[in-house]
Amino acid sequence: MVDKFLEFQTINIAVVGDFNPTIFQPFWLSSKNLIREDEAKSANVELIHNDIVRFNLDWVSFEITRNRFDVRCTKEPYFDPVKDLTVGIFKILHETPIRTLGINHIFELALQNEKYFYNFGKNLAILDLWEPSLNKPKLNYFEVIENERGDGKKGSRRVRLRSAPERTFGVTLDINNHFNIDNKISEESLVNLIGSNWQGSLESGHTILANLFEKNKFYNE
Amino acid sequence: MSKDNLTLPVKNTDAIILGTLPSKLEVVRGQNNASDASLAAVQDKERDISFITPNIEAADVHRSRSYFKKPQNWIGFVTQISSDGFSARLNDKTNSSTSEEAEFDLEDVSNGDSKLLKIGAVFYWSVGYANQNGQIIKQSILRFKRDANMSDTEFDFLADRASELNNNILWD
């Protein structure tokens, strides 16, 4: 059922810590054998500055500030290479202080018609409560959090839904899979955390989406 | 020109290299220390504070309509190499219990990955539909796994661990 409405998925790995942004450049990645040399040559470098670096390759975009490392990819075949790339970077920068990790999934959905679109929101929030105070109220944004993860790991998850006007009857489901890191030195804790949670995180993202669709039943009304 | 009031006269693909910018960025950054993906708004705010509308948005391929739809994904392990191709065992990522053998031409390997082609090498192979700014293209993507070179510490750790496991094997 989900496949019918899923346009594409974005993966995002966000690491909060203390970084020197200017280290992160395409030719540095290539010199460490983490990307191909021709990818470094053809990288689209937008900004290199002491406070922020932004560039993208054909399959992954980087944004690094002094306290945040952020990579994202909209092409599913490259999700595993994005993980390998991140793990490789932090194996090399093993003394980087790290505080939190987010393995985040963003699902871009198109609900096909106005009826589905309205029902999807109506089944998430009781819109009747807002009538007649508001004229034809609709849900625009919705957020659910858990205080503690169910898998015993330190962290939490946050799910956000918002309408996506850039697509017809578009909805974006954003799952923030957040891990706290006790050991503030990155290599073992961060690399292991990514490695041991990568596949589970991908699967749980799809499970959250599939369960939501199954229970919402917007397409059955 | 004040550094706080920089206009960036660059094309999309130009690198922008600036010196130290006494910025207001920390004010914005201090408001958010989370690991979620929704910092775009904050980052947009950062740019708004630091720079006067640099034309970098249009260059961001990941904000354009460039994505991959419903691919079939496999993880492959090279089992044999010949003069014109290689054989591999493929594990279906969506159905991990499925394993199959396949043959690939050397031409399927990108030049930048050719040095990685060895017996036992791991690669990712996907077939699906790419959407490039609205144009649908059926694509096959083969990419060899890359990893950072192993550090001496990591090598020693793994060697010790292998030795430990070997010593713990109880032979009949």
# chains A, B, ... in the order shown; residues from 1 in each chain; ligands from 1
call {"tool": "residues_around", "arguments": {"residues": "segment 142-144 of chain B", "least_positions_apart": "3", "cutoff": "6 Å", "atoms": "only C-alpha atoms", "output": "ChimeraX atom specification"}}
result
/B:123-125
call {"tool": "write_last_selection", "arguments": {"atoms": "C-alpha atoms", "output": "mmCIF file, in the first residue's frame"}}
result
data_model
loop_
_atom_site.group_PDB
_atom_site.id
_atom_site.type_symbol
_atom_site.label_atom_id
_atom_site.label_comp_id
_atom_site.auth_asym_id
_atom_site.auth_seq_id
_atom_site.Cartn_x
_atom_site.Cartn_y
_atom_site.Cartn_z
ATOM 1 C CA PHE B 123 29.654 -3.798 -4.047
ATOM 2 C CA TYR B 124 26.173 -2.330 -4.194
ATOM 3 C CA TRP B 125 24.029 -2.878 -7.255
#
call {"tool": "residues_around", "arguments": {"residues": "Phe107 of chain A", "least_positions_apart": "5", "cutoff": "6 Å", "atoms": "only C-alpha atoms", "output": "mmCIF file with N, CA and C atoms, in the first residue's frame"}}
result
data_model
loop_
_atom_site.group_PDB
_atom_site.id
_atom_site.type_symbol
_atom_site.label_atom_id
_atom_site.label_comp_id
_atom_site.auth_asym_id
_atom_site.auth_seq_id
_atom_site.Cartn_x
_atom_site.Cartn_y
_atom_site.Cartn_z
ATOM 1 N N GLN A 9 12.459 8.644 -0.962
ATOM 2 C CA GLN A 9 12.906 8.708 0.418
ATOM 3 C C GLN A 9 14.251 9.428 0.480
ATOM 4 N N THR A 172 4.969 15.166 3.782
ATOM 5 C CA THR A 172 6.317 14.729 4.141
ATOM 6 C C THR A 172 6.290 14.112 5.530
ATOM 7 N N LEU A 173 6.818 12.904 5.636
ATOM 8 C CA LEU A 173 6.948 12.232 6.932
ATOM 9 C C LEU A 173 8.422 12.233 7.292
#
call {"tool": "select_by_dssp", "arguments": {"residues": "segment 101-130 of chain B", "states": "strand (DSSP E)", "output": "PyMOL selection string"}}
result
chain B and resi 101-105+122-130
call {"tool": "residues_around", "arguments": {"residues": "Asn147 of chain A", "least_positions_apart": "2", "cutoff": "10 Å", "atoms": "only C-alpha atoms", "output": "PyMOL selection string"}}
result
chain A and resi 145+149-150+155-158
call {"tool": "write_last_selection", "arguments": {"atoms": "C-alpha atoms", "output": "mmCIF file, in the first residue's frame"}}
result
data_model
loop_
_atom_site.group_PDB
_atom_site.id
_atom_site.type_symbol
_atom_site.label_atom_id
_atom_site.label_comp_id
_atom_site.auth_asym_id
_atom_site.auth_seq_id
_atom_site.Cartn_x
_atom_site.Cartn_y
_atom_site.Cartn_z
ATOM 1 C CA ILE A 145 7.618 12.109 20.196
ATOM 2 C CA ARG A 149 13.424 4.560 23.026
ATOM 3 C CA GLY A 150 11.806 1.139 23.240
ATOM 4 C CA GLY A 155 17.892 8.650 22.778
ATOM 5 C CA SER A 156 14.438 9.147 21.399
ATOM 6 C CA ARG A 157 12.476 9.320 18.201
ATOM 7 C CA ARG A 158 10.389 12.108 16.831
#
call {"tool": "closest_residue", "arguments": {"among": "A:Asp18, A:Glu148, A:Glu37, A:Asp128", "to": "chain B", "atoms": "only C-alpha atoms"}}
result
A:Glu37
call {"tool": "closest_residue", "arguments": {"among": "A:Gly17, A:Pro26, A:Gly200, A:Gly88", "to": "chain B", "atoms": "only C-alpha atoms"}}
result
A:Gly88
call {"tool": "residues_around", "arguments": {"residues": "Phe117 of chain A", "least_positions_apart": "3", "cutoff": "8 Å", "atoms": "only C-alpha atoms", "output": "list in words"}}
result
Leu111, Gln112, Asn113, Glu114, Phe120, Gly121, Phe169, Gly170 and Phe218 of chain A
call {"tool": "closest_atom_pairs", "arguments": {"of": "chain A", "to": "chain B", "cutoff": "7 Å", "atoms": "only C-alpha atoms", "output": "JSON lines"}}
result
{"residue": "A:Glu7", "atom": "CA", "partner": "B:Lys69", "partner_atom": "CA", "distance": 6.7}
{"residue": "A:Phe8", "atom": "CA", "partner": "B:Lys69", "partner_atom": "CA", "distance": 5.7}
{"residue": "A:Asn12", "atom": "CA", "partner": "B:Ala37", "partner_atom": "CA", "distance": 6.4}
{"residue": "A:Ala14", "atom": "CA", "partner": "B:Ser35", "partner_atom": "CA", "distance": 5.3}
{"residue": "A:Val15", "atom": "CA", "partner": "B:Ser35", "partner_atom": "CA", "distance": 6.3}
{"residue": "A:Val16", "atom": "CA", "partner": "B:Ser35", "partner_atom": "CA", "distance": 6.4}
{"residue": "A:Lys32", "atom": "CA", "partner": "B:Ala148", "partner_atom": "CA", "distance": 6.7}
{"residue": "A:Asn33", "atom": "CA", "partner": "B:Ala148", "partner_atom": "CA", "distance": 6.8}
{"residue": "A:Leu34", "atom": "CA", "partner": "B:Arg146", "partner_atom": "CA", "distance": 5.8}
{"residue": "A:Arg36", "atom": "CA", "partner": "B:Gly112", "partner_atom": "CA", "distance": 5.3}
{"residue": "A:Glu37", "atom": "CA", "partner": "B:Gly112", "partner_atom": "CA", "distance": 6.7}
{"residue": "A:Asp38", "atom": "CA", "partner": "B:Gly112", "partner_atom": "CA", "distance": 6.9}
{"residue": "A:Asn44", "atom": "CA", "partner": "B:Thr13", "partner_atom": "CA", "distance": 5.6}
{"residue": "A:Val45", "atom": "CA", "partner": "B:Ala15", "partner_atom": "CA", "distance": 5.2}
{"residue": "A:Glu46", "atom": "CA", "partner": "B:Ala15", "partner_atom": "CA", "distance": 5.3}
{"residue": "A:Leu47", "atom": "CA", "partner": "B:Ile16", "partner_atom": "CA", "distance": 4.7}
{"residue": "A:Ile48", "atom": "CA", "partner": "B:Ile17", "partner_atom": "CA", "distance": 5.1}
{"residue": "A:His49", "atom": "CA", "partner": "B:Leu18", "partner_atom": "CA", "distance": 5.4}
{"residue": "A:Asn50", "atom": "CA", "partner": "B:Thr20", "partner_atom": "CA", "distance": 6.1}
{"residue": "A:Thr74", "atom": "CA", "partner": "B:Tyr67", "partner_atom": "CA", "distance": 5.2}
{"residue": "A:Lys75", "atom": "CA", "partner": "B:Phe68", "partner_atom": "CA", "distance": 4.7}
{"residue": "A:Glu76", "atom": "CA", "partner": "B:Phe68", "partner_atom": "CA", "distance": 6.0}
{"residue": "A:Pro77", "atom": "CA", "partner": "B:Ser126", "partner_atom": "CA", "distance": 5.7}
{"residue": "A:Pro81", "atom": "CA", "partner": "B:Lys145", "partner_atom": "CA", "distance": 6.7}
{"residue": "A:Asp84", "atom": "CA", "partner": "B:Asp147", "partner_atom": "CA", "distance": 6.4}
{"residue": "A:Gly88", "atom": "CA", "partner": "B:Ala148", "partner_atom": "CA", "distance": 4.7}
{"residue": "A:Lys91", "atom": "CA", "partner": "B:Ala148", "partner_atom": "CA", "distance": 6.8}
{"residue": "A:Ile92", "atom": "CA", "partner": "B:Ala148", "partner_atom": "CA", "distance": 6.9}
{"residue": "A:Thr100", "atom": "CA", "partner": "B:Ser35", "partner_atom": "CA", "distance": 6.5}
{"residue": "A:Leu101", "atom": "CA", "partner": "B:Ser35", "partner_atom": "CA", "distance": 5.9}
{"residue": "A:Gly102", "atom": "CA", "partner": "B:Ser35", "partner_atom": "CA", "distance": 4.7}
{"residue": "A:Asn104", "atom": "CA", "partner": "B:Ala37", "partner_atom": "CA", "distance": 6.4}
{"residue": "A:Asn176", "atom": "CA", "partner": "B:Asp36", "partner_atom": "CA", "distance": 5.1}
{"residue": "A:His178", "atom": "CA", "partner": "B:Ser35", "partner_atom": "CA", "distance": 6.3}
call {"tool": "write_last_selection", "arguments": {"atoms": "N, CA and C atoms", "output": "compact mmCIF listing (two decimals), in the first residue's frame"}}
result
# COMPACT_ATOMS: atom_id res chain seq x y z
N GLU A 7 6.71 8.71 -3.05
CA GLU A 7 7.44 9.27 -4.19
C GLU A 7 8.92 8.92 -4.09
N PHE A 8 9.53 9.30 -2.99
CA PHE A 8 10.93 8.91 -2.77
C PHE A 8 11.29 9.13 -1.31
N ASN A 12 19.22 10.96 5.98
CA ASN A 12 20.03 12.05 6.53
C ASN A 12 20.77 11.53 7.75
N ALA A 14 22.95 13.02 10.76
CA ALA A 14 23.35 14.27 11.40
C ALA A 14 24.13 13.93 12.67
N VAL A 15 25.29 14.55 12.81
CA VAL A 15 26.12 14.31 13.99
C VAL A 15 26.37 15.67 14.64
N VAL A 16 26.07 15.74 15.92
CA VAL A 16 26.31 16.99 16.65
C VAL A 16 27.58 16.81 17.47
N LYS A 32 41.44 10.36 0.94
CA LYS A 32 41.29 9.29 1.93
C LYS A 32 40.61 8.06 1.32
N ASN A 33 40.41 8.11 0.01
CA ASN A 33 39.82 6.98 -0.72
C ASN A 33 38.36 6.72 -0.35
N LEU A 34 37.68 7.74 0.14
CA LEU A 34 36.28 7.56 0.54
C LEU A 34 35.32 7.83 -0.60
N ARG A 36 35.41 8.62 -5.19
CA ARG A 36 36.26 8.53 -6.37
C ARG A 36 36.89 9.89 -6.66
N GLU A 37 38.03 9.85 -7.29
CA GLU A 37 38.71 11.11 -7.61
C GLU A 37 37.87 11.96 -8.58
N ASP A 38 37.23 11.28 -9.56
CA ASP A 38 36.44 12.06 -10.52
C ASP A 38 35.21 12.68 -9.85
N ASN A 44 30.09 19.86 -6.71
CA ASN A 44 29.55 21.22 -6.77
C ASN A 44 29.78 21.87 -5.40
N VAL A 45 30.85 22.64 -5.32
CA VAL A 45 31.21 23.28 -4.04
C VAL A 45 30.50 24.63 -3.97
N GLU A 46 29.66 24.79 -2.97
CA GLU A 46 28.90 26.02 -2.85
C GLU A 46 29.57 27.01 -1.91
N LEU A 47 30.13 26.47 -0.83
CA LEU A 47 30.60 27.38 0.21
C LEU A 47 31.71 26.72 1.01
N ILE A 48 32.83 27.39 1.10
CA ILE A 48 33.88 26.94 2.01
C ILE A 48 34.23 28.12 2.88
N HIS A 49 33.99 27.97 4.14
CA HIS A 49 34.16 29.08 5.07
C HIS A 49 34.55 28.48 6.41
N ASN A 50 35.20 29.25 7.25
CA ASN A 50 35.60 28.71 8.56
C ASN A 50 34.41 28.21 9.37
N THR A 74 19.06 11.61 -1.58
CA THR A 74 17.70 11.31 -2.04
C THR A 74 17.66 10.11 -2.98
N LYS A 75 18.80 9.48 -3.17
CA LYS A 75 18.87 8.37 -4.13
C LYS A 75 19.12 7.08 -3.37
N GLU A 76 18.10 6.27 -3.28
CA GLU A 76 18.15 5.08 -2.43
C GLU A 76 19.33 4.15 -2.72
N PRO A 77 19.75 3.96 -3.98
CA PRO A 77 20.90 3.09 -4.22
C PRO A 77 22.16 3.53 -3.49
N PRO A 81 26.24 3.48 0.60
CA PRO A 81 27.48 4.25 0.44
C PRO A 81 27.54 5.51 1.31
N ASP A 84 28.64 4.21 4.60
CA ASP A 84 30.07 3.88 4.55
C ASP A 84 30.93 5.14 4.59
N GLY A 88 33.50 6.03 7.43
CA GLY A 88 34.90 6.24 7.04
C GLY A 88 35.44 7.57 7.54
N LYS A 91 36.01 7.35 11.24
CA LYS A 91 37.14 6.48 11.59
C LYS A 91 38.43 7.30 11.49
N ILE A 92 38.47 8.15 10.48
CA ILE A 92 39.67 8.98 10.29
C ILE A 92 39.74 10.08 11.35
N THR A 100 25.72 13.80 19.85
CA THR A 100 24.51 13.07 19.45
C THR A 100 24.60 12.64 17.99
N LEU A 101 23.80 11.64 17.68
CA LEU A 101 23.72 11.13 16.31
C LEU A 101 22.25 11.05 15.92
N GLY A 102 21.95 11.45 14.72
CA GLY A 102 20.61 11.25 14.18
C GLY A 102 20.69 10.48 12.88
N ASN A 104 18.22 9.78 10.21
CA ASN A 104 16.89 10.33 9.95
C ASN A 104 16.36 9.92 8.59
N ASN A 176 12.94 11.40 12.97
CA ASN A 176 14.23 11.72 13.60
C ASN A 176 14.58 10.60 14.59
N HIS A 178 17.08 9.58 17.03
CA HIS A 178 18.10 10.33 17.76
C HIS A 178 18.79 9.45 18.81
call {"tool": "atom_distance", "arguments": {"atom1": "atom CA of Asn123 of chain A", "atom2": "atom CA of Ala164 of chain A"}}
result
17.7 Å
call {"tool": "closest_atom_pairs", "arguments": {"of": "segment 2-119 of chain A", "to": "segment 203-206 of chain A", "cutoff": "12 Å", "atoms": "only C-alpha atoms", "output": "JSON lines"}}
result
{"residue": "A:Val2", "atom": "CA", "partner": "A:His206", "partner_atom": "CA", "distance": 9.0}
{"residue": "A:Asp3", "atom": "CA", "partner": "A:His206", "partner_atom": "CA", "distance": 10.5}
{"residue": "A:Leu6", "atom": "CA", "partner": "A:His206", "partner_atom": "CA", "distance": 10.7}
{"residue": "A:Gln9", "atom": "CA", "partner": "A:His206", "partner_atom": "CA", "distance": 10.0}
{"residue": "A:Thr10", "atom": "CA", "partner": "A:Gly205", "partner_atom": "CA", "distance": 11.1}
{"residue": "A:Ile11", "atom": "CA", "partner": "A:Gly205", "partner_atom": "CA", "distance": 10.3}
{"residue": "A:Ile103", "atom": "CA", "partner": "A:Gly205", "partner_atom": "CA", "distance": 9.9}
{"residue": "A:Asn104", "atom": "CA", "partner": "A:Gly205", "partner_atom": "CA", "distance": 8.5}
{"residue": "A:His105", "atom": "CA", "partner": "A:Gly205", "partner_atom": "CA", "distance": 6.5}
{"residue": "A:Ile106", "atom": "CA", "partner": "A:Gly205", "partner_atom": "CA", "distance": 8.7}
{"residue": "A:Phe107", "atom": "CA", "partner": "A:Gly205", "partner_atom": "CA", "distance": 8.9}
call {"tool": "write_last_selection", "arguments": {"atoms": "C-alpha atoms", "output": "short mmCIF file (atom, residue, chain, number, x, y, z; two decimals), in the first residue's frame"}}
result
data_model
loop_
_atom_site.label_atom_id
_atom_site.label_comp_id
_atom_site.auth_asym_id
_atom_site.auth_seq_id
_atom_site.Cartn_x
_atom_site.Cartn_y
_atom_site.Cartn_z
CA VAL A 2 2.75 2.45 0.93
CA ASP A 3 4.51 2.05 -2.43
CA LEU A 6 5.65 6.96 -1.78
CA GLN A 9 12.91 8.71 0.42
CA THR A 10 15.73 10.82 1.77
CA ILE A 11 18.31 9.58 4.25
CA ILE A 103 19.84 8.63 11.53
CA ASN A 104 16.89 10.33 9.95
CA HIS A 105 14.45 9.28 7.29
CA ILE A 106 12.27 11.57 5.25
CA PHE A 107 9.49 10.04 3.18
#
call {"tool": "select_by_dssp", "arguments": {"residues": "segment 8-218 of chain A", "states": "alpha helix (DSSP H)", "output": "NGL selection string"}}
result
:A and (26-31 or 37-41 or 79-92 or 114-122 or 186-216)
call {"tool": "write_last_selection", "arguments": {"atoms": "C-alpha atoms", "output": "PDB file, in the first residue's frame"}}
result
ATOM      1  CA  PRO A  26      35.786  16.826  -1.755  1.00  0.00           C
ATOM      2  CA  PHE A  27      39.502  16.348  -2.404  1.00  0.00           C
ATOM      3  CA  TRP A  28      40.100  15.460   1.237  1.00  0.00           C
ATOM      4  CA  LEU A  29      37.470  12.717   0.907  1.00  0.00           C
ATOM      5  CA  SER A  30      39.087  11.538  -2.318  1.00  0.00           C
ATOM      6  CA  SER A  31      42.589  11.581  -0.796  1.00  0.00           C
ATOM      7  CA  GLU A  37      38.707  11.107  -7.610  1.00  0.00           C
ATOM      8  CA  ASP A  38      36.440  12.061 -10.516  1.00  0.00           C
ATOM      9  CA  GLU A  39      33.628  12.673  -8.039  1.00  0.00           C
ATOM     10  CA  ALA A  40      35.841  15.123  -6.164  1.00  0.00           C
ATOM     11  CA  LYS A  41      36.697  16.879  -9.419  1.00  0.00           C
ATOM     12  CA  PHE A  79      22.041   4.980   1.098  1.00  0.00           C
ATOM     13  CA  ASP A  80      24.595   2.323   2.054  1.00  0.00           C
ATOM     14  CA  PRO A  81      27.479   4.249   0.436  1.00  0.00           C
ATOM     15  CA  VAL A  82      26.395   7.304   2.461  1.00  0.00           C
ATOM     16  CA  LYS A  83      26.643   5.202   5.612  1.00  0.00           C
ATOM     17  CA  ASP A  84      30.072   3.876   4.553  1.00  0.00           C
ATOM     18  CA  LEU A  85      31.226   7.392   3.799  1.00  0.00           C
ATOM     19  CA  THR A  86      30.133   8.712   7.198  1.00  0.00           C
ATOM     20  CA  VAL A  87      31.680   5.786   9.036  1.00  0.00           C
ATOM     21  CA  GLY A  88      34.900   6.240   7.041  1.00  0.00           C
ATOM     22  CA  ILE A  89      35.076   9.937   7.875  1.00  0.00           C
ATOM     23  CA  PHE A  90      34.690   9.374  11.588  1.00  0.00           C
ATOM     24  CA  LYS A  91      37.138   6.481  11.594  1.00  0.00           C
ATOM     25  CA  ILE A  92      39.675   8.975  10.290  1.00  0.00           C
ATOM     26  CA  GLU A 114      -8.032  15.749  -2.323  1.00  0.00           C
ATOM     27  CA  LYS A 115     -10.237  13.272  -0.519  1.00  0.00           C
ATOM     28  CA  TYR A 116      -7.276  11.093   0.550  1.00  0.00           C
ATOM     29  CA  PHE A 117      -5.310  14.170   1.481  1.00  0.00           C
ATOM     30  CA  TYR A 118      -8.063  15.564   3.715  1.00  0.00           C
ATOM     31  CA  ASN A 119      -8.874  12.188   5.282  1.00  0.00           C
ATOM     32  CA  PHE A 120      -5.237  11.569   6.113  1.00  0.00           C
ATOM     33  CA  GLY A 121      -5.137  14.738   8.233  1.00  0.00           C
ATOM     34  CA  LYS A 122      -8.614  14.254   9.655  1.00  0.00           C
ATOM     35  CA  SER A 186      33.768   9.524  18.351  1.00  0.00           C
ATOM     36  CA  GLU A 187      35.469   6.531  16.829  1.00  0.00           C
ATOM     37  CA  GLU A 188      34.195   3.558  18.788  1.00  0.00           C
ATOM     38  CA  SER A 189      30.918   4.970  19.977  1.00  0.00           C
ATOM     39  CA  LEU A 190      29.815   6.749  16.815  1.00  0.00           C
ATOM     40  CA  VAL A 191      31.079   4.226  14.273  1.00  0.00           C
ATOM     41  CA  ASN A 192      29.631   1.326  16.237  1.00  0.00           C
ATOM     42  CA  LEU A 193      26.396   3.178  16.819  1.00  0.00           C
ATOM     43  CA  ILE A 194      25.929   3.830  13.125  1.00  0.00           C
ATOM     44  CA  GLY A 195      26.969   0.291  12.184  1.00  0.00           C
ATOM     45  CA  SER A 196      24.738  -1.433  14.699  1.00  0.00           C
ATOM     46  CA  ASN A 197      21.685   0.749  14.100  1.00  0.00           C
ATOM     47  CA  TRP A 198      21.805   1.368  10.377  1.00  0.00           C
ATOM     48  CA  GLN A 199      19.727  -1.499   9.065  1.00  0.00           C
ATOM     49  CA  GLY A 200      17.335  -1.422  12.027  1.00  0.00           C
ATOM     50  CA  SER A 201      16.830   2.274  11.525  1.00  0.00           C
ATOM     51  CA  LEU A 202      15.978   1.819   7.835  1.00  0.00           C
ATOM     52  CA  GLU A 203      13.543  -0.945   8.659  1.00  0.00           C
ATOM     53  CA  SER A 204      11.914   0.906  11.543  1.00  0.00           C
ATOM     54  CA  GLY A 205      11.371   3.930   9.316  1.00  0.00           C
ATOM     55  CA  HIS A 206       9.468   1.803   6.823  1.00  0.00           C
ATOM     56  CA  THR A 207       7.561   0.098   9.637  1.00  0.00           C
ATOM     57  CA  ILE A 208       6.462   3.417  11.107  1.00  0.00           C
ATOM     58  CA  LEU A 209       5.236   4.527   7.699  1.00  0.00           C
ATOM     59  CA  ALA A 210       3.499   1.229   6.917  1.00  0.00           C
ATOM     60  CA  ASN A 211       1.768   1.101  10.318  1.00  0.00           C
ATOM     61  CA  LEU A 212       0.645   4.678   9.994  1.00  0.00           C
ATOM     62  CA  PHE A 213      -0.922   3.998   6.615  1.00  0.00           C
ATOM     63  CA  GLU A 214      -2.533   0.791   7.775  1.00  0.00           C
ATOM     64  CA  LYS A 215      -4.103   2.441  10.811  1.00  0.00           C
ATOM     65  CA  ASN A 216      -5.002   5.732   9.207  1.00  0.00           C
TER      66      ASN A 216
END
call {"tool": "atom_distance", "arguments": {"atom1": "atom CA of Asp51 of chain A", "atom2": "atom CA of Arg66 of chain A"}}
result
5.9 Å
call {"tool": "residues_around", "arguments": {"residues": "Leu127 of chain A", "least_positions_apart": "4", "cutoff": "8 Å", "atoms": "only C-alpha atoms", "output": "list of chain:residue names"}}
result
A:Lys122, A:Glu131, A:Pro137, A:Lys138, A:Leu139
call {"tool": "write_last_selection", "arguments": {"atoms": "N, CA and C atoms", "output": "CSV table (one decimal), in the first residue's frame"}}
result
chain,number,residue,atom,x,y,z
A,122,LYS,N,-7.5,14.4,8.8
A,122,LYS,CA,-8.6,14.3,9.7
A,122,LYS,C,-8.5,13.1,10.6
A,131,GLU,N,-14.3,23.4,14.5
A,131,GLU,CA,-15.5,24.0,13.8
A,131,GLU,C,-16.5,24.4,14.9
A,137,PRO,N,-11.4,23.6,8.8
A,137,PRO,CA,-10.0,23.5,9.3
A,137,PRO,C,-9.3,22.2,8.6
A,138,LYS,N,-8.0,22.4,8.4
A,138,LYS,CA,-7.2,21.3,7.9
A,138,LYS,C,-6.0,21.1,8.7
A,139,LEU,N,-5.4,19.9,8.7
A,139,LEU,CA,-4.2,19.7,9.4
A,139,LEU,C,-3.0,20.0,8.5
